[in-house]
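Student: Data: upload.txt, compact mmCIF, C-alpha atoms.
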# COMPACT_ATOMS: atom_id res chain seq x y z
CA MET A 1 -36.67 -1.56 0.09
CA PHE A 2 -35.03 1.81 0.87
CA GLU A 3 -37.66 2.62 3.47
CA ASN A 4 -36.73 -0.58 5.29
CA LEU A 5 -33.02 0.11 4.87
CA PHE A 6 -33.21 3.57 6.43
CA SER A 7 -35.92 2.85 8.97
CA ALA A 8 -35.64 4.16 12.54
CA GLU A 9 -34.96 0.64 13.81
CA LYS A 10 -32.13 0.10 11.34
CA ALA A 11 -30.68 3.52 12.09
CA LEU A 12 -30.66 2.89 15.86
CA GLU A 13 -29.08 -0.52 15.33
CA ALA A 14 -26.41 1.02 13.10
CA LEU A 15 -25.75 3.73 15.66
CA GLU A 16 -25.10 1.17 18.39
CA ILE A 17 -22.64 -0.73 16.17
CA ILE A 18 -20.91 2.53 15.22
CA LYS A 19 -20.49 3.48 18.87
CA SER A 20 -19.18 0.06 19.91
CA GLN A 21 -17.00 -1.01 16.98
CA PHE A 22 -16.32 1.63 14.34
CA LEU A 23 -13.67 3.57 16.27
CA LEU A 24 -11.57 0.47 16.93
CA ALA A 25 -12.10 -0.80 13.39
CA THR A 26 -10.98 2.52 11.93
CA TRP A 27 -7.86 2.50 14.10
CA GLU A 28 -7.08 -1.09 13.05
CA THR A 29 -7.45 -0.14 9.39
CA VAL A 30 -5.19 2.89 9.77
CA TYR A 31 -2.36 1.22 11.70
CA VAL A 32 -2.37 -1.90 9.51
CA THR A 33 -2.20 0.33 6.42
CA ILE A 34 0.67 2.36 7.89
CA LEU A 35 2.67 -0.70 8.99
CA ALA A 36 2.10 -2.57 5.73
CA THR A 37 3.12 0.50 3.72
CA LEU A 38 6.22 0.95 5.88
CA PHE A 39 7.40 -2.64 5.49
CA ALA A 40 6.49 -2.72 1.79
CA SER A 41 8.51 0.48 1.28
CA ILE A 42 11.51 -0.92 3.19
CA ILE A 43 11.56 -3.84 0.73
CA GLY A 44 10.18 -2.21 -2.39
CA VAL A 45 12.05 1.11 -2.57
CA PRO A 46 15.59 -0.41 -2.53
CA LEU A 47 14.38 -3.07 -4.94
CA GLY A 48 13.03 -0.44 -7.32
CA VAL A 49 16.31 1.47 -7.15
CA LEU A 50 18.21 -1.76 -7.86
CA LEU A 51 16.10 -2.43 -10.96
CA VAL A 52 17.31 0.88 -12.42
CA THR A 53 20.90 1.01 -11.20
CA GLY A 54 21.51 -2.68 -11.86
CA GLU A 55 20.41 -2.80 -15.47
CA GLU A 56 22.83 -2.80 -18.40
CA GLY A 57 24.14 0.73 -18.73
CA GLY A 58 23.15 1.57 -15.15
CA ILE A 59 25.50 3.04 -12.58
CA LYS A 60 26.07 -0.38 -10.95
CA PRO A 61 25.10 -3.24 -13.31
CA ILE A 62 24.28 -6.62 -11.78
CA PRO A 63 24.29 -10.03 -13.53
CA LYS A 64 21.54 -10.30 -16.14
CA PHE A 65 20.14 -13.53 -14.72
CA LEU A 66 19.71 -11.88 -11.31
CA LEU A 67 17.95 -8.86 -12.81
CA LYS A 68 15.66 -11.11 -14.84
CA THR A 69 14.91 -13.19 -11.74
CA LEU A 70 13.97 -10.09 -9.75
CA ASN A 71 11.71 -8.86 -12.54
CA LEU A 72 10.11 -12.29 -12.82
CA ILE A 73 9.38 -12.49 -9.08
CA ILE A 74 7.90 -8.99 -9.07
CA ASN A 75 5.72 -9.70 -12.09
CA LEU A 76 4.52 -13.02 -10.65
CA LEU A 77 3.56 -11.53 -7.29
CA ARG A 78 1.79 -8.61 -8.95
CA SER A 79 -0.24 -10.95 -11.16
CA ILE A 80 -1.70 -12.98 -8.25
CA PRO A 81 -5.07 -11.65 -6.99
CA PHE A 82 -4.83 -10.53 -3.38
CA LEU A 83 -7.51 -12.91 -2.08
CA ILE A 84 -5.65 -15.88 -3.54
CA LEU A 85 -2.30 -14.55 -2.32
CA MET A 86 -3.62 -14.33 1.25
CA ILE A 87 -4.42 -18.05 1.15
CA LEU A 88 -1.15 -19.01 -0.53
CA VAL A 89 0.95 -17.33 2.17
CA PHE A 90 -0.95 -18.86 5.10
CA PRO A 91 2.07 -21.03 6.05
CA LEU A 92 4.41 -18.03 6.05
CA THR A 93 1.90 -15.91 7.96
CA ARG A 94 1.53 -18.62 10.60
CA LEU A 95 5.31 -18.99 10.81
CA ILE A 96 5.84 -15.26 11.39
CA THR A 97 2.86 -14.37 13.58
CA GLY A 98 1.69 -17.74 14.94
CA SER A 99 -1.76 -17.33 13.39
CA VAL A 100 -3.51 -16.64 10.09
CA VAL A 101 -6.54 -14.88 11.58
CA GLY A 102 -6.52 -11.40 13.07
CA THR A 103 -5.32 -7.88 12.44
CA ILE A 104 -1.57 -8.43 12.85
CA PRO A 105 -1.43 -11.59 10.66
CA SER A 106 -3.09 -9.66 7.82
CA ILE A 107 0.01 -7.45 7.58
CA VAL A 108 2.09 -10.33 6.13
CA PRO A 109 0.06 -10.87 2.92
CA LEU A 110 -0.43 -7.11 2.62
CA VAL A 111 3.34 -6.56 2.55
CA ILE A 112 3.91 -9.42 0.10
CA ALA A 113 1.21 -8.05 -2.19
CA ALA A 114 2.37 -4.44 -1.92
CA PHE A 115 6.17 -4.49 -2.10
CA PRO A 116 6.30 -5.51 -5.82
CA PHE A 117 3.90 -2.65 -6.56
CA VAL A 118 6.08 -0.25 -4.56
CA ALA A 119 9.16 -1.52 -6.40
CA ARG A 120 7.62 -0.76 -9.80
CA LEU A 121 6.45 2.67 -8.67
CA THR A 122 9.93 3.43 -7.31
CA GLU A 123 11.51 2.24 -10.55
CA SER A 124 9.23 4.60 -12.46
CA SER A 125 10.14 7.53 -10.19
CA ILE A 126 13.89 6.90 -10.40
CA ARG A 127 13.74 6.73 -14.20
CA GLU A 128 12.33 10.26 -14.24
CA VAL A 129 15.62 11.66 -12.90
CA ASN A 130 17.51 13.64 -15.54
CA PRO A 131 20.35 11.43 -16.90
CA ASN A 132 22.53 14.53 -17.28
CA THR A 133 22.38 15.06 -13.51
CA ILE A 134 23.60 11.50 -12.94
CA GLU A 135 26.37 11.87 -15.53
CA MET A 136 27.52 15.07 -13.86
CA ALA A 137 27.71 13.31 -10.48
CA GLN A 138 29.72 10.49 -12.08
CA SER A 139 32.12 12.95 -13.69
CA LEU A 140 32.72 14.48 -10.26
CA GLY A 141 33.81 11.09 -8.95
CA ALA A 142 30.69 10.20 -6.93
CA SER A 143 30.33 6.52 -6.07
CA PRO A 144 27.19 4.56 -7.08
CA PHE A 145 25.95 4.70 -3.48
CA GLN A 146 26.49 8.47 -3.32
CA ILE A 147 24.67 8.93 -6.63
CA VAL A 148 21.69 6.95 -5.35
CA VAL A 149 21.54 8.67 -1.94
CA LYS A 150 22.47 12.22 -2.94
CA VAL A 151 21.16 12.49 -6.50
CA MET A 152 18.61 9.89 -7.55
CA ILE A 153 16.46 9.71 -4.44
CA PRO A 154 16.45 13.46 -3.61
CA GLU A 155 15.64 14.34 -7.22
CA SER A 156 12.76 11.86 -7.33
CA VAL A 157 11.27 12.61 -3.88
CA PRO A 158 8.09 14.39 -5.16
CA SER A 159 7.39 11.57 -7.60
CA LEU A 160 8.22 8.95 -4.97
CA LEU A 161 5.88 10.56 -2.46
CA SER A 162 3.10 10.73 -5.03
CA ASN A 163 3.59 7.09 -5.98
CA LEU A 164 3.82 5.94 -2.36
CA THR A 165 0.52 7.69 -1.76
CA ILE A 166 -0.98 5.58 -4.55
CA ALA A 167 0.53 2.47 -2.93
CA THR A 168 -0.88 3.45 0.47
CA THR A 169 -4.40 3.89 -0.86
CA THR A 170 -4.09 0.55 -2.67
CA ILE A 171 -3.02 -1.15 0.56
CA LEU A 172 -5.95 0.50 2.32
CA GLY A 173 -8.22 -1.16 -0.21
CA TYR A 174 -6.50 -4.50 0.38
CA THR A 175 -7.16 -4.22 4.13
CA ALA A 176 -10.89 -4.31 3.39
CA MET A 177 -10.44 -7.57 1.48
CA SER A 178 -8.42 -9.05 4.34
CA GLY A 179 -11.61 -8.90 6.40
CA ILE A 180 -12.67 -12.10 4.65
CA ILE A 181 -10.05 -14.02 6.64
CA GLY A 182 -10.76 -12.11 9.84
CA GLY A 183 -8.20 -9.41 9.19
CA GLY A 184 -9.99 -6.85 11.31
CA GLY A 185 -10.75 -3.25 10.56
CA LEU A 186 -13.55 -1.73 8.52
CA GLY A 187 -13.42 -4.55 6.00
CA LYS A 188 -14.27 -7.08 8.67
CA ILE A 189 -17.26 -5.00 9.82
CA ALA A 190 -18.51 -4.60 6.24
CA ILE A 191 -18.26 -8.34 5.61
CA ASN A 192 -19.49 -9.61 8.99
CA TYR A 193 -22.48 -7.29 9.18
CA GLY A 194 -23.18 -6.33 5.58
CA TYR A 195 -22.65 -9.74 3.98
CA TYR A 196 -23.20 -12.39 6.62
CA ARG A 197 -25.92 -10.63 8.63
CA TYR A 198 -27.57 -8.65 5.81
CA LYS A 199 -27.11 -5.32 7.59
CA THR A 200 -26.70 -3.27 4.43
CA LEU A 201 -26.63 0.08 6.20
CA ILE A 202 -23.58 -0.96 8.23
CA MET A 203 -21.80 -2.07 5.07
CA ILE A 204 -22.59 1.25 3.36
CA LEU A 205 -21.26 3.22 6.33
CA ALA A 206 -18.07 1.14 6.45
CA VAL A 207 -17.50 1.63 2.72
CA LEU A 208 -18.11 5.38 3.01
CA LEU A 209 -15.58 5.60 5.82
CA LEU A 210 -13.03 3.71 3.70
CA VAL A 211 -13.66 6.13 0.84
CA LEU A 212 -13.11 9.09 3.18
CA LEU A 213 -9.82 7.59 4.41
CA VAL A 214 -8.65 7.09 0.83
CA GLN A 215 -9.56 10.68 -0.05
CA LEU A 216 -7.75 11.99 3.02
CA LEU A 217 -4.57 10.02 2.30
CA GLN A 218 -4.62 10.98 -1.38
CA SER A 219 -5.12 14.66 -0.58
CA LEU A 220 -2.30 14.72 1.98
CA GLY A 221 0.08 12.87 -0.34
CA SER A 222 -0.70 15.13 -3.30
CA TYR A 223 -0.33 18.26 -1.18
CA TYR A 224 3.12 17.36 0.14
CA ALA A 225 4.29 16.07 -3.24
CA VAL A 226 3.43 19.42 -4.85
CA LYS A 227 5.01 21.31 -1.96
CA LEU A 228 8.27 19.37 -2.22
CA ASN A 229 8.32 19.76 -5.98
CA ARG A 230 8.08 23.54 -5.64
CA LYS A 231 10.92 23.58 -3.11
CA LEU A 232 13.18 21.58 -5.42
CA LYS A 233 12.49 23.94 -8.32
CA LYS A 234 13.45 27.02 -6.31
Can you present the structure in this file as structure tokens?
Tutor:
Amino acid sequence: MFENLFSAEKALEALEIIKSQFLLATWETVYVTILATLFASIIGVPLGVLLVTGEEGGIKPIPKFLLKTLNLIINLLRSIPFLILMILVFPLTRLITGSVVGTIPSIVPLVIAAFPFVARLTESSIREVNPNTIEMAQSLGASPFQIVVKVMIPESVPSLLSNLTIATTTILGYTAMSGIIGGGGLGKIAINYGYYRYKTLIMILAVLLLVLLVQLLQSLGSYYAVKLNRKLKK
């Protein structure tokens, strides 16, 4: 079986597909991951901050029913498997992008799946901030907005960066699954060639490239998180 898999014919065939499609597929995977992470962060980070500041005893409490509703929505979205979520949001995807198939349309379910995750990660990071630091800012007359912008977020930047790196690598994994609905990228190549056309070598190469991208993102995120943490401690 392995002799057939790595035969000269299979290797040449894989090389042609790599030359013609892998560069574009890698670019599609990268920019979809970046855009989805950006939009998920725009929604999720403020939401995560609100979950901490808006709770009872927080710096700016919000009505309990609203806080419970937000938590319920986040928990519901996080509990839905991504493949099912992609299908459920087809109407919204079509409304926003005009289609449900393609690289750009895949960003919509990616954002919907990722922003609750980002919100929880942000909530976790914000809770790590020393309460004494917040109390000191309050005693100096800082407003809730000033406390969030000048105390909570700056103090939690290393943790936020580390957690957003986790979110980014998770979204990168989701992009591979979006290939099932024609989402483009390396996931589409792995599915179209590895699954539908039984070209196992192509699927292995696509998976290896995804693993390398995850390792690269994780290494960069960890490096800058540690670097920022050292700066804050100085």
Student: Using all atoms listed in the file, I'd like a table of the residues in segment 100-168 of chain A that come within 9 Å of segment 19-33 of chain A; for each, show the closest atom pair and its distance in Å rounded to one decimal, ordered by chain and ascending number, as a Markdown table.
Tutor:
| residue | atom | partner | partner_atom | distance |
| --- | --- | --- | --- | --- |
| A:Thr103 | CA | A:Glu28 | CA | 7.0 |
| A:Ile104 | CA | A:Val32 | CA | 7.4 |
| A:Ser106 | CA | A:Val32 | CA | 8.0 |
| A:Ile107 | CA | A:Val32 | CA | 6.3 |
| A:Leu110 | CA | A:Thr33 | CA | 8.5 |
| A:Thr168 | CA | A:Thr33 | CA | 6.8 |
Student: Between A:Leu213, A:Val157, A:Ile181, A:Leu35, which residue has the minimum interatomic distance to Val226 of chain A, considering only C-alpha atoms?
Tutor: A:Val157
Student: Would you work out the distance separating atom CA of Leu38 of chain A from atom CA of Leu164 of chain A, expressed in Å to one decimal?
Tutor: 9.9 Å
Student: Could you state the separation of atom CA of Met203 of chain A and atom CA of Ala190 of chain A in Å, given to one decimal place?
Tutor: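 According to the coordinates, atom CA of Met203 of chain A and atom CA of Ala190 of chain A are separated by 4.3 Å.
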Student: Taking a cut-off of 10 Å and counting all atoms listed in the file, can you build a table that, for each residue of segment 94-162 of chain A near segment 41-63 of chain A, reports the nearest atom pair and how far apart they are in Å (one decimal), sorted by chain then residue number, as a Markdown table?
Tutor:
| residue | atom | partner | partner_atom | distance |
| --- | --- | --- | --- | --- |
| A:Val111 | CA | A:Ser41 | CA | 8.8 |
| A:Ile112 | CA | A:Ile43 | CA | 9.5 |
| A:Ala114 | CA | A:Gly44 | CA | 8.1 |
| A:Phe115 | CA | A:Gly44 | CA | 4.6 |
| A:Pro116 | CA | A:Gly44 | CA | 6.1 |
| A:Phe117 | CA | A:Gly44 | CA | 7.6 |
| A:Val118 | CA | A:Gly44 | CA | 5.0 |
| A:Ala119 | CA | A:Gly48 | CA | 4.1 |
| A:Arg120 | CA | A:Gly48 | CA | 6.0 |
| A:Leu121 | CA | A:Gly48 | CA | 7.4 |
| A:Thr122 | CA | A:Gly48 | CA | 5.0 |
| A:Glu123 | CA | A:Gly48 | CA | 4.5 |
| A:Ser124 | CA | A:Gly48 | CA | 8.1 |
| A:Ser125 | CA | A:Gly48 | CA | 9.0 |
| A:Ile126 | CA | A:Val49 | CA | 6.8 |
| A:Arg127 | CA | A:Val52 | CA | 7.1 |
| A:Ile134 | CA | A:Ile59 | CA | 8.7 |
| A:Glu135 | CA | A:Ile59 | CA | 9.4 |
| A:Gln138 | CA | A:Ile59 | CA | 8.6 |
| A:Ser143 | CA | A:Ile59 | CA | 8.8 |
| A:Pro144 | CA | A:Ile59 | CA | 6.0 |
| A:Phe145 | CA | A:Lys60 | CA | 9.0 |
| A:Ile147 | CA | A:Ile59 | CA | 8.4 |
| A:Val148 | CA | A:Val49 | CA | 7.9 |
| A:Met152 | CA | A:Val49 | CA | 8.7 |
| A:Ile153 | CA | A:Val49 | CA | 8.7 |
| A:Leu160 | CA | A:Val45 | CA | 9.0 |
Student: Using all atoms listed in the file, which residues sit within 8 Å of Ala225 of chain A once same-chain residues fewer than 3 positions away are excluded, as a PDB file with C-alpha atoms, keeping the file's coordinate frame?
Tutor:
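Heads up, here's the output in part-v5.pdb:
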ATOM      1  CA  VAL A 157      11.270  12.610  -3.880  1.00  0.00           C
ATOM      2  CA  PRO A 158       8.090  14.390  -5.160  1.00  0.00           C
ATOM      3  CA  SER A 159       7.390  11.570  -7.600  1.00  0.00           C
ATOM      4  CA  LEU A 161       5.880  10.560  -2.460  1.00  0.00           C
ATOM      5  CA  SER A 162       3.100  10.730  -5.030  1.00  0.00           C
ATOM      6  CA  GLY A 221       0.080  12.870  -0.340  1.00  0.00           C
ATOM      7  CA  SER A 222      -0.700  15.130  -3.300  1.00  0.00           C
ATOM      8  CA  LEU A 228       8.270  19.370  -2.220  1.00  0.00           C
ATOM      9  CA  ASN A 229       8.320  19.760  -5.980  1.00  0.00           C
TER      10      ASN A 229
END
Student: Name the residues in contact with Ile87 of chain A at a cut-off of 12 Å, using all atoms listed in the file, excluding same-chain residues fewer than 2 positions from it; report them as a PyMOL selection string.
Tutor: chain A and resi 80-85+89-94+100-101+105-106+108-110+113+178+180-181
Student: Give me a file of those residues, with C-alpha atoms, as a PDB file, in the frame of the given file.
Tutor:
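The result, written out as again-v2.pdb:
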ATOM      1  CA  ILE A  80      -1.700 -12.980  -8.250  1.00  0.00           C
ATOM      2  CA  PRO A  81      -5.070 -11.650  -6.990  1.00  0.00           C
ATOM      3  CA  PHE A  82      -4.830 -10.530  -3.380  1.00  0.00           C
ATOM      4  CA  LEU A  83      -7.510 -12.910  -2.080  1.00  0.00           C
ATOM      5  CA  ILE A  84      -5.650 -15.880  -3.540  1.00  0.00           C
ATOM      6  CA  LEU A  85      -2.300 -14.550  -2.320  1.00  0.00           C
ATOM      7  CA  VAL A  89       0.950 -17.330   2.170  1.00  0.00           C
ATOM      8  CA  PHE A  90      -0.950 -18.860   5.100  1.00  0.00           C
ATOM      9  CA  PRO A  91       2.070 -21.030   6.050  1.00  0.00           C
ATOM     10  CA  LEU A  92       4.410 -18.030   6.050  1.00  0.00           C
ATOM     11  CA  THR A  93       1.900 -15.910   7.960  1.00  0.00           C
ATOM     12  CA  ARG A  94       1.530 -18.620  10.600  1.00  0.00           C
ATOM     13  CA  VAL A 100      -3.510 -16.640  10.090  1.00  0.00           C
ATOM     14  CA  VAL A 101      -6.540 -14.880  11.580  1.00  0.00           C
ATOM     15  CA  PRO A 105      -1.430 -11.590  10.660  1.00  0.00           C
ATOM     16  CA  SER A 106      -3.090  -9.660   7.820  1.00  0.00           C
ATOM     17  CA  VAL A 108       2.090 -10.330   6.130  1.00  0.00           C
ATOM     18  CA  PRO A 109       0.060 -10.870   2.920  1.00  0.00           C
ATOM     19  CA  LEU A 110      -0.430  -7.110   2.620  1.00  0.00           C
ATOM     20  CA  ALA A 113       1.210  -8.050  -2.190  1.00  0.00           C
ATOM     21  CA  SER A 178      -8.420  -9.050   4.340  1.00  0.00           C
ATOM     22  CA  ILE A 180     -12.670 -12.100   4.650  1.00  0.00           C
ATOM     23  CA  ILE A 181     -10.050 -14.020   6.640  1.00  0.00           C
TER      24      ILE A 181
END
Student: What's the separation between atom CA of Leu88 of chain A and atom CA of Ile34 of chain A, in Å to one decimal place?
Tutor: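 Between these atoms lies a distance of 23.0 Å.
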Student: Set up a box along x, y and z of the file covering all listed atoms of segment 53-59 of chain A, add 5 Å on every one of the six sides, and write the centre and edge lengths in Å to one decimal, as JSON.
Tutor:
{"center_x": 23.0, "center_y": 0.1, "center_z": -15.0, "size_x": 15.1, "size_y": 15.8, "size_z": 17.5}
Student: Of the candidates A:Gln146, A:Asn75, A:Ser99, A:Asn163, which shows the shortest atom-to-atom distance to Thr37 of chain A, using only C-alpha atoms?
Tutor: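 Of A:Gln146, A:Asn75, A:Ser99, A:Asn163, the one nearest Thr37 of chain A, counting only C-alpha atoms, is A:Asn163.
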Student: Out of A:Ile189, A:Ala142, A:Leu72, A:Leu172, which residue has the shortest atom-to-atom distance to Leu210 of chain A when counting all atoms listed in the file?
Tutor: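 Result for the nearest residue to Leu210 of chain A: A:Leu172.
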Student: Measuring atom to atom with all atoms listed in the file, identify which of A:Val214, A:Ile18, A:Leu70, A:Val207 is nearest to Ile171 of chain A.
Tutor: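 Using all atoms listed in the file, the shortest distance to Ile171 of chain A belongs to A:Val214.
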